[in-house]
$ cat run.pdb   # PDB, C-alpha atoms
ATOM      1  CA  MET A  11     -29.550 -48.513  79.404
ATOM      2  CA  ALA A  12     -30.937 -45.757  81.607
ATOM      3  CA  GLY A  13     -34.272 -44.027  81.153
ATOM      4  CA  SER A  14     -37.456 -45.127  79.478
ATOM      5  CA  LEU A  15     -39.261 -44.758  76.178
ATOM      6  CA  ASN A  16     -42.924 -44.110  75.427
ATOM      7  CA  ARG A  17     -43.328 -43.903  71.655
ATOM      8  CA  VAL A  18     -46.058 -45.167  69.338
ATOM      9  CA  MET A  19     -46.045 -45.269  65.528
ATOM     10  CA  LEU A  20     -49.175 -46.476  63.727
ATOM     11  CA  ILE A  21     -50.385 -46.671  60.130
ATOM     12  CA  GLY A  22     -54.039 -47.459  59.674
ATOM     13  CA  ARG A  23     -57.450 -46.321  58.522
ATOM     14  CA  LEU A  24     -59.885 -44.080  60.396
ATOM     15  CA  THR A  25     -62.976 -45.964  61.573
ATOM     16  CA  ARG A  26     -65.119 -42.836  61.938
ATOM     17  CA  ASP A  27     -65.031 -39.150  61.094
ATOM     18  CA  PRO A  28     -62.815 -36.996  63.352
ATOM     19  CA  GLU A  29     -64.428 -35.159  66.277
ATOM     20  CA  LEU A  30     -63.027 -31.633  66.581
ATOM     21  CA  ARG A  31     -63.770 -29.823  69.845
ATOM     22  CA  PHE A  32     -62.404 -26.813  71.681
ATOM     23  CA  THR A  33     -61.487 -26.531  75.360
ATOM     24  CA  PRO A  34     -63.011 -23.671  77.409
ATOM     25  CA  SER A  35     -59.739 -21.765  76.861
ATOM     26  CA  GLY A  36     -60.128 -22.150  73.069
ATOM     27  CA  THR A  37     -57.503 -24.865  72.417
ATOM     28  CA  ALA A  38     -58.497 -27.266  69.636
ATOM     29  CA  VAL A  39     -58.478 -31.028  70.277
ATOM     30  CA  CYS A  40     -59.400 -33.703  67.725
ATOM     31  CA  ASN A  41     -60.341 -37.299  68.553
ATOM     32  CA  LEU A  42     -59.652 -40.012  65.970
ATOM     33  CA  ALA A  43     -60.402 -43.736  65.938
ATOM     34  CA  LEU A  44     -57.860 -45.844  64.030
ATOM     35  CA  ALA A  45     -57.848 -49.485  62.937
ATOM     36  CA  THR A  46     -54.611 -51.370  62.246
ATOM     37  CA  ASN A  47     -54.224 -54.882  60.866
ATOM     38  CA  ARG A  48     -51.810 -57.626  61.830
ATOM     39  CA  TYR A  49     -51.420 -61.181  60.674
ATOM     40  CA  GLY A  50     -51.018 -64.400  62.621
ATOM     41  CA  GLN A  51     -52.236 -67.960  62.934
ATOM     42  CA  ASP A  52     -55.462 -69.040  64.542
ATOM     43  CA  PRO A  53     -55.549 -72.118  66.807
ATOM     44  CA  SER A  54     -56.054 -74.414  63.787
ATOM     45  CA  GLY A  55     -52.872 -73.078  62.144
ATOM     46  CA  GLU A  56     -54.669 -71.088  59.434
ATOM     47  CA  ARG A  57     -53.242 -67.671  58.556
ATOM     48  CA  ARG A  58     -55.610 -64.981  59.779
ATOM     49  CA  GLU A  59     -55.875 -61.199  59.791
ATOM     50  CA  TYR A  60     -56.534 -59.506  63.133
ATOM     51  CA  THR A  61     -57.678 -55.904  63.583
ATOM     52  CA  ASP A  62     -56.721 -53.684  66.519
ATOM     53  CA  TYR A  63     -58.495 -50.419  67.338
ATOM     54  CA  HIS A  64     -56.801 -47.327  68.774
ATOM     55  CA  ASP A  65     -58.139 -44.072  70.227
ATOM     56  CA  ILE A  66     -56.049 -41.074  69.147
ATOM     57  CA  VAL A  67     -56.036 -37.558  70.649
ATOM     58  CA  VAL A  68     -54.538 -34.713  68.570
ATOM     59  CA  TRP A  69     -53.915 -31.239  70.018
ATOM     60  CA  ASN A  70     -52.876 -27.995  68.383
ATOM     61  CA  GLN A  71     -49.206 -27.528  69.262
ATOM     62  CA  GLY A  72     -48.078 -23.912  69.356
ATOM     63  CA  ASN A  73     -48.360 -22.525  65.819
ATOM     64  CA  ARG A  74     -49.038 -26.023  64.411
ATOM     65  CA  LYS A  75     -52.799 -26.301  63.908
ATOM     66  CA  LEU A  76     -52.595 -30.108  63.797
ATOM     67  CA  ALA A  77     -55.948 -30.797  65.482
ATOM     68  CA  GLU A  78     -57.779 -28.320  63.253
ATOM     69  CA  LEU A  79     -56.163 -29.757  60.094
ATOM     70  CA  CYS A  80     -57.203 -33.276  61.090
ATOM     71  CA  GLY A  81     -60.772 -32.135  61.746
ATOM     72  CA  GLN A  82     -60.915 -30.297  58.418
ATOM     73  CA  TYR A  83     -59.232 -32.725  56.011
ATOM     74  CA  LEU A  84     -59.715 -36.240  57.399
ATOM     75  CA  GLN A  85     -62.743 -38.477  57.217
ATOM     76  CA  LYS A  86     -63.690 -42.102  57.823
ATOM     77  CA  GLY A  87     -61.672 -44.551  55.709
ATOM     78  CA  ARG A  88     -58.614 -42.302  55.191
ATOM     79  CA  MET A  89     -55.200 -43.862  55.756
ATOM     80  CA  VAL A  90     -52.957 -41.974  58.193
ATOM     81  CA  TYR A  91     -49.599 -42.261  59.932
ATOM     82  CA  ILE A  92     -49.742 -41.373  63.625
ATOM     83  CA  GLU A  93     -46.750 -40.817  65.891
ATOM     84  CA  GLY A  94     -47.048 -40.041  69.580
ATOM     85  CA  ARG A  95     -47.048 -41.514  73.062
ATOM     86  CA  LEU A  96     -49.373 -43.672  75.146
ATOM     87  CA  GLN A  97     -51.262 -41.922  77.912
ATOM     88  CA  THR A  98     -53.715 -43.427  80.400
ATOM     89  CA  ARG A  99     -56.450 -41.293  81.954
ATOM     90  CA  SER A 100     -58.587 -42.222  84.943
ATOM     91  CA  TRP A 101     -61.846 -40.864  86.326
ATOM     92  CA  ASP A 102     -64.682 -41.872  88.633
ATOM     93  CA  ASP A 103     -67.813 -43.098  86.856
ATOM     94  CA  LYS A 104     -70.734 -40.792  87.728
ATOM     95  CA  ASP A 105     -73.295 -43.632  87.695
ATOM     96  CA  THR A 106     -71.470 -46.403  89.561
ATOM     97  CA  GLY A 107     -68.687 -44.489  91.328
ATOM     98  CA  ALA A 108     -66.178 -47.041  89.991
ATOM     99  CA  LYS A 109     -62.714 -45.982  88.855
ATOM    100  CA  ARG A 110     -62.517 -46.029  85.031
ATOM    101  CA  TYR A 111     -59.386 -46.029  82.837
ATOM    102  CA  LYS A 112     -58.730 -45.269  79.185
ATOM    103  CA  THR A 113     -55.435 -45.576  77.319
ATOM    104  CA  GLU A 114     -55.023 -43.356  74.250
ATOM    105  CA  VAL A 115     -52.314 -42.314  71.834
ATOM    106  CA  ASN A 116     -51.489 -38.646  72.359
ATOM    107  CA  ALA A 117     -50.340 -37.736  68.829
ATOM    108  CA  ASN A 118     -47.579 -35.255  68.094
ATOM    109  CA  ASP A 119     -47.476 -35.969  64.337
ATOM    110  CA  VAL A 120     -50.185 -36.960  61.861
ATOM    111  CA  GLN A 121     -49.511 -37.529  58.164
ATOM    112  CA  PHE A 122     -52.248 -38.088  55.596
ATOM    113  CA  LEU A 123     -51.218 -41.079  53.458
ATOM    114  CA  ASP A 124     -53.809 -41.081  50.704
ATOM    115  CA  SER A 125     -55.552 -38.548  48.509
ATOM    116  CA  ARG A 126     -58.801 -37.010  49.704
ATOM    117  CA  GLN A 127     -60.805 -38.836  47.050
ATOM    118  CA  ASP A 128     -59.968 -41.669  44.708
ATOM    119  CA  GLY A 129     -59.332 -40.162  41.293
ATOM    120  CA  ASP A 130     -58.854 -36.667  42.727
ATOM    121  CA  SER A 131     -57.298 -34.820  39.784
ATOM    122  CA  GLY A 132     -53.816 -33.459  40.305
ATOM    123  CA  ARG A 133     -53.170 -35.388  43.521
ATOM    124  CA  GLY A 134     -52.063 -38.950  43.006
ATOM    125  CA  GLY A 135     -52.145 -41.588  45.731
ATOM    126  CA  ASP A 136     -48.319 -41.686  45.761
ATOM    127  CA  PHE A 137     -48.119 -38.491  47.804
ATOM    128  CA  VAL A 138     -49.090 -37.713  51.349
ATOM    129  CA  GLY A 139     -52.433 -35.877  51.283
ATOM    130  CA  GLN A 140     -51.426 -32.552  52.794
ATOM    131  CA  PRO A 141     -53.726 -29.536  52.734
ATOM    132  CA  ALA A 142     -53.662 -27.355  49.635
ATOM    133  CA  GLY A 143     -50.471 -25.320  49.419
ATOM    134  CA  ALA A 144     -48.401 -27.733  51.530
ATOM    135  CA  ALA A 145     -45.431 -29.551  50.057
ATOM    136  CA  ALA A 146     -46.263 -33.080  48.947
ATOM    137  CA  THR A 147     -44.113 -35.813  50.476
ATOM    138  CA  PRO A 148     -43.781 -39.342  49.069
ATOM    139  CA  ALA A 149     -45.751 -41.769  51.199
ATOM    140  CA  MET A 150     -43.972 -44.578  52.967
ATOM    141  CA  GLY A 151     -44.414 -47.731  50.875
ATOM    142  CA  SER A 152     -47.191 -46.238  48.715
ATOM    143  CA  ASN A 153     -49.128 -49.485  48.979
ATOM    144  CA  GLN A 154     -52.212 -48.646  46.933
ATOM    145  CA  GLY A 155     -53.936 -51.936  47.807
ATOM    146  CA  GLY A 156     -54.249 -51.364  51.539
ATOM    147  CA  ASP A 157     -52.353 -53.002  54.357
ATOM    148  CA  VAL A 158     -48.768 -54.158  54.538
ATOM    149  CA  ASP A 159     -48.096 -57.895  54.535
ATOM    150  CA  PRO A 160     -45.586 -58.710  57.305
ATOM    151  CA  ASP A 161     -43.735 -61.035  54.907
ATOM    152  CA  ASP A 162     -42.864 -57.982  52.760
ATOM    153  CA  ILE A 163     -41.069 -56.163  55.606
ATOM    154  CA  PRO A 164     -37.285 -56.530  55.228
ATOM    155  CA  PHE A 165     -36.544 -56.895  58.980
TER     156      PHE A 165
END

$ encode --input "run.pdb" --output "structure tokens"
Amino acid sequence: MAGSLNRVMLIGRLTRDPELRFTPSGTAVCNLALATNRYGQDPSGERREYTDYHDIVVWNQGNRKLAELCGQYLQKGRMVYIEGRLQTRSWDDKDTGAKRYKTEVNANDVQFLDSRQDGDSGRGGDFVGQPAGAAATPAMGSNQGGDVDPDDIPF
């Protein structure tokens, strides 16, 4: 197999409110912090839930105002699907002069997987929470209770 692949797909909950900023040229960029859960065994053999944290960067892409939509409609605790690629940045620390690195997910697709508020009239939790006027899409799995148990995955 020739070539390489850099693709990330995550479903999780935001750990803080989005930070929407604009570059000097006026391009919108939104930073998200996402938590995902996985299950495994601890050293004593007990089943345990582990949480991983991910930094996400969302840009406006041409006519798609993805970063602005994320900044406007998302907030801490919302469940989202993120698709993108891993990207590592490096810079020199101003205080110590040491080389610093940060790996982030550069998102090219963000889907809102729950309604804006529990009990929000007219928008059930079974549909992706798109902005008003957008077509509603059934959410993957529609697991109202939270995270997916790995034993429930068919592969």

$ resolve_selection --input "run.pdb" --expression "the PyMOL selection byres ((chain A and resi 44-59) around 6)" --output "number ranges by chain"
A: 22-25, 43, 60-64

$ resolve_selection --input "run.pdb" --expression "the PyMOL selection byres ((chain A and resi 17) around 9)" --output "PDB file with C-alpha atoms, in the frame of the given file"
ATOM      1  CA  LEU A  15     -39.261 -44.758  76.178  1.00  0.00           C
ATOM      2  CA  ASN A  16     -42.924 -44.110  75.427  1.00  0.00           C
ATOM      3  CA  VAL A  18     -46.058 -45.167  69.338  1.00  0.00           C
ATOM      4  CA  MET A  19     -46.045 -45.269  65.528  1.00  0.00           C
ATOM      5  CA  GLU A  93     -46.750 -40.817  65.891  1.00  0.00           C
ATOM      6  CA  GLY A  94     -47.048 -40.041  69.580  1.00  0.00           C
ATOM      7  CA  ARG A  95     -47.048 -41.514  73.062  1.00  0.00           C
ATOM      8  CA  LEU A  96     -49.373 -43.672  75.146  1.00  0.00           C
TER       9      LEU A  96
END

$ residues_around --input "run.pdb" --residues "Gly72 of chain A" --least-positions-apart "4" --cutoff "12 Å" --atoms "only C-alpha atoms" --output "PyMOL selection string"
chain A and resi 37-38+76-77+118

$ atom_distance --input "run.pdb" --atom1 "atom CA of Val90 of chain A" --atom2 "atom CA of Leu20 of chain A"
8.1 Å

$ atom_distance --input "run.pdb" --atom1 "atom CA of Leu123 of chain A" --atom2 "atom CA of Tyr83 of chain A"
11.9 Å

$ atom_distance --input "run.pdb" --atom1 "atom CA of Gln85 of chain A" --atom2 "atom CA of Pro28 of chain A"
6.3 Å

$ closest_residue --input "run.pdb" --among "A:Tyr91, A:Lys75, A:Thr106, A:Val39" --to "Ile21 of chain A" --atoms "only C-alpha atoms"
A:Tyr91

$ closest_residue --input "run.pdb" --among "A:Asn70, A:Gln121, A:Thr113, A:Ser100" --to "Arg88 of chain A" --atoms "only C-alpha atoms"
A:Gln121

$ axis_aligned_box --input "run.pdb" --around "segment 106-118 of chain A" --padding-each-side "3 Å" --output "AutoDock Vina command-line options"
--center_x -59.5 --center_y -41.1 --center_z 79.7 --size_x 29.9 --size_y 17.8 --size_z 29.2

$ residues_around --input "run.pdb" --residues "Val67 of chain A" --least-positions-apart "3" --cutoff "9 Å" --atoms "only C-alpha atoms" --output "MDAnalysis selection string"
chainID A and resid 39:43 77 114:117

$ residues_near_point --input "run.pdb" --point "(-68.8, -41.6, 60.8)" --cutoff "7 Å" --atoms "only C-alpha atoms" --output "list of chain:residue names"
A:Arg26, A:Asp27, A:Lys86

$ write_last_selection --input "run.pdb" --atoms "C-alpha atoms" --output "mmCIF file, in the frame of the given file"
data_model
loop_
_atom_site.group_PDB
_atom_site.id
_atom_site.type_symbol
_atom_site.label_atom_id
_atom_site.label_comp_id
_atom_site.auth_asym_id
_atom_site.auth_seq_id
_atom_site.Cartn_x
_atom_site.Cartn_y
_atom_site.Cartn_z
ATOM 1 C CA ARG A 26 -65.119 -42.836 61.938
ATOM 2 C CA ASP A 27 -65.031 -39.150 61.094
ATOM 3 C CA LYS A 86 -63.690 -42.102 57.823
#

$ closest_residue --input "run.pdb" --among "A:Phe122, A:Trp69, A:Trp101, A:Tyr111" --to "Gly36 of chain A" --atoms "only C-alpha atoms"
A:Trp69

$ closest_residue --input "run.pdb" --among "A:Pro34, A:Glu29, A:Gly81, A:Gly13" --to "Val120 of chain A" --atoms "all atoms listed in the file"
A:Gly81

$ closest_residue --input "run.pdb" --among "A:Arg110, A:Leu84, A:Ser14, A:Asp65" --to "Leu30 of chain A" --atoms "all atoms listed in the file"
A:Leu84

$ build_atoms --input "run.pdb" --residues "segment 14-47 of chain A" --atoms "N, CA and C atoms" --output "PDB file, in the frame of the given file"
ATOM      1  N   SER A  14     -36.339 -44.360  80.007  1.00  0.00           N
ATOM      2  CA  SER A  14     -37.456 -45.127  79.478  1.00  0.00           C
ATOM      3  C   SER A  14     -37.911 -44.514  78.161  1.00  0.00           C
ATOM      4  N   LEU A  15     -38.784 -45.206  77.483  1.00  0.00           N
ATOM      5  CA  LEU A  15     -39.261 -44.758  76.178  1.00  0.00           C
ATOM      6  C   LEU A  15     -40.754 -45.003  76.078  1.00  0.00           C
ATOM      7  N   ASN A  16     -41.480 -43.999  75.656  1.00  0.00           N
ATOM      8  CA  ASN A  16     -42.924 -44.110  75.427  1.00  0.00           C
ATOM      9  C   ASN A  16     -43.181 -43.525  74.053  1.00  0.00           C
ATOM     10  N   ARG A  17     -43.162 -44.373  73.027  1.00  0.00           N
ATOM     11  CA  ARG A  17     -43.328 -43.903  71.655  1.00  0.00           C
ATOM     12  C   ARG A  17     -44.191 -44.890  70.881  1.00  0.00           C
ATOM     13  N   VAL A  18     -45.141 -44.352  70.127  1.00  0.00           N
ATOM     14  CA  VAL A  18     -46.058 -45.167  69.338  1.00  0.00           C
ATOM     15  C   VAL A  18     -46.027 -44.670  67.904  1.00  0.00           C
ATOM     16  N   MET A  19     -45.952 -45.597  66.956  1.00  0.00           N
ATOM     17  CA  MET A  19     -46.045 -45.269  65.528  1.00  0.00           C
ATOM     18  C   MET A  19     -47.064 -46.220  64.920  1.00  0.00           C
ATOM     19  N   LEU A  20     -48.095 -45.678  64.298  1.00  0.00           N
ATOM     20  CA  LEU A  20     -49.175 -46.476  63.727  1.00  0.00           C
ATOM     21  C   LEU A  20     -49.484 -46.016  62.313  1.00  0.00           C
ATOM     22  N   ILE A  21     -49.825 -46.967  61.450  1.00  0.00           N
ATOM     23  CA  ILE A  21     -50.385 -46.671  60.130  1.00  0.00           C
ATOM     24  C   ILE A  21     -51.667 -47.472  60.034  1.00  0.00           C
ATOM     25  N   GLY A  22     -52.758 -46.777  59.761  1.00  0.00           N
ATOM     26  CA  GLY A  22     -54.039 -47.459  59.674  1.00  0.00           C
ATOM     27  C   GLY A  22     -55.088 -46.563  59.046  1.00  0.00           C
ATOM     28  N   ARG A  23     -56.324 -47.056  59.096  1.00  0.00           N
ATOM     29  CA  ARG A  23     -57.450 -46.321  58.522  1.00  0.00           C
ATOM     30  C   ARG A  23     -58.380 -45.840  59.625  1.00  0.00           C
ATOM     31  N   LEU A  24     -58.941 -44.642  59.423  1.00  0.00           N
ATOM     32  CA  LEU A  24     -59.885 -44.080  60.396  1.00  0.00           C
ATOM     33  C   LEU A  24     -61.192 -44.867  60.346  1.00  0.00           C
ATOM     34  N   THR A  25     -61.732 -45.196  61.507  1.00  0.00           N
ATOM     35  CA  THR A  25     -62.976 -45.964  61.573  1.00  0.00           C
ATOM     36  C   THR A  25     -64.211 -45.081  61.683  1.00  0.00           C
ATOM     37  N   ARG A  26     -64.002 -43.797  61.906  1.00  0.00           N
ATOM     38  CA  ARG A  26     -65.119 -42.836  61.938  1.00  0.00           C
ATOM     39  C   ARG A  26     -64.564 -41.453  61.626  1.00  0.00           C
ATOM     40  N   ASP A  27     -65.449 -40.526  61.359  1.00  0.00           N
ATOM     41  CA  ASP A  27     -65.031 -39.150  61.094  1.00  0.00           C
ATOM     42  C   ASP A  27     -64.418 -38.543  62.356  1.00  0.00           C
ATOM     43  N   PRO A  28     -63.432 -37.654  62.191  1.00  0.00           N
ATOM     44  CA  PRO A  28     -62.815 -36.996  63.352  1.00  0.00           C
ATOM     45  C   PRO A  28     -63.826 -36.151  64.116  1.00  0.00           C
ATOM     46  N   GLU A  29     -63.598 -36.013  65.430  1.00  0.00           N
ATOM     47  CA  GLU A  29     -64.428 -35.159  66.277  1.00  0.00           C
ATOM     48  C   GLU A  29     -63.560 -34.001  66.756  1.00  0.00           C
ATOM     49  N   LEU A  30     -63.783 -32.823  66.204  1.00  0.00           N
ATOM     50  CA  LEU A  30     -63.027 -31.633  66.581  1.00  0.00           C
ATOM     51  C   LEU A  30     -63.814 -30.867  67.636  1.00  0.00           C
ATOM     52  N   ARG A  31     -63.151 -30.590  68.764  1.00  0.00           N
ATOM     53  CA  ARG A  31     -63.770 -29.823  69.845  1.00  0.00           C
ATOM     54  C   ARG A  31     -62.788 -28.754  70.303  1.00  0.00           C
ATOM     55  N   PHE A  32     -63.252 -27.856  71.127  1.00  0.00           N
ATOM     56  CA  PHE A  32     -62.404 -26.813  71.681  1.00  0.00           C
ATOM     57  C   PHE A  32     -62.562 -26.792  73.201  1.00  0.00           C
ATOM     58  N   THR A  33     -61.442 -26.634  73.908  1.00  0.00           N
ATOM     59  CA  THR A  33     -61.487 -26.531  75.360  1.00  0.00           C
ATOM     60  C   THR A  33     -62.087 -25.172  75.737  1.00  0.00           C
ATOM     61  N   PRO A  34     -62.480 -24.981  76.998  1.00  0.00           N
ATOM     62  CA  PRO A  34     -63.011 -23.671  77.409  1.00  0.00           C
ATOM     63  C   PRO A  34     -62.035 -22.522  77.144  1.00  0.00           C
ATOM     64  N   SER A  35     -60.724 -22.820  77.127  1.00  0.00           N
ATOM     65  CA  SER A  35     -59.739 -21.765  76.861  1.00  0.00           C
ATOM     66  C   SER A  35     -59.524 -21.547  75.360  1.00  0.00           C
ATOM     67  N   GLY A  36     -60.205 -22.353  74.513  1.00  0.00           N
ATOM     68  CA  GLY A  36     -60.128 -22.150  73.069  1.00  0.00           C
ATOM     69  C   GLY A  36     -59.124 -23.033  72.346  1.00  0.00           C
ATOM     70  N   THR A  37     -58.461 -23.965  73.048  1.00  0.00           N
ATOM     71  CA  THR A  37     -57.503 -24.865  72.417  1.00  0.00           C
ATOM     72  C   THR A  37     -58.236 -25.983  71.678  1.00  0.00           C
ATOM     73  N   ALA A  38     -57.850 -26.223  70.434  1.00  0.00           N
ATOM     74  CA  ALA A  38     -58.497 -27.266  69.636  1.00  0.00           C
ATOM     75  C   ALA A  38     -57.948 -28.637  70.012  1.00  0.00           C
ATOM     76  N   VAL A  39     -58.848 -29.630  70.051  1.00  0.00           N
ATOM     77  CA  VAL A  39     -58.478 -31.028  70.277  1.00  0.00           C
ATOM     78  C   VAL A  39     -59.330 -31.880  69.344  1.00  0.00           C
ATOM     79  N   CYS A  40     -58.698 -32.851  68.689  1.00  0.00           N
ATOM     80  CA  CYS A  40     -59.400 -33.703  67.725  1.00  0.00           C
ATOM     81  C   CYS A  40     -59.242 -35.157  68.154  1.00  0.00           C
ATOM     82  N   ASN A  41     -60.362 -35.878  68.219  1.00  0.00           N
ATOM     83  CA  ASN A  41     -60.341 -37.299  68.553  1.00  0.00           C
ATOM     84  C   ASN A  41     -60.510 -38.125  67.286  1.00  0.00           C
ATOM     85  N   LEU A  42     -59.620 -39.114  67.119  1.00  0.00           N
ATOM     86  CA  LEU A  42     -59.652 -40.012  65.970  1.00  0.00           C
ATOM     87  C   LEU A  42     -59.767 -41.444  66.470  1.00  0.00           C
ATOM     88  N   ALA A  43     -60.360 -42.303  65.660  1.00  0.00           N
ATOM     89  CA  ALA A  43     -60.402 -43.736  65.938  1.00  0.00           C
ATOM     90  C   ALA A  43     -59.724 -44.432  64.766  1.00  0.00           C
ATOM     91  N   LEU A  44     -58.703 -45.242  65.055  1.00  0.00           N
ATOM     92  CA  LEU A  44     -57.860 -45.844  64.030  1.00  0.00           C
ATOM     93  C   LEU A  44     -57.901 -47.360  64.139  1.00  0.00           C
ATOM     94  N   ALA A  45     -57.930 -48.027  62.997  1.00  0.00           N
ATOM     95  CA  ALA A  45     -57.848 -49.485  62.937  1.00  0.00           C
ATOM     96  C   ALA A  45     -56.548 -49.872  62.249  1.00  0.00           C
ATOM     97  N   THR A  46     -55.822 -50.828  62.855  1.00  0.00           N
ATOM     98  CA  THR A  46     -54.611 -51.370  62.246  1.00  0.00           C
ATOM     99  C   THR A  46     -54.787 -52.876  62.108  1.00  0.00           C
ATOM    100  N   ASN A  47     -54.127 -53.449  61.109  1.00  0.00           N
ATOM    101  CA  ASN A  47     -54.224 -54.882  60.866  1.00  0.00           C
ATOM    102  C   ASN A  47     -52.900 -55.559  61.161  1.00  0.00           C
TER     103      ASN A  47
END
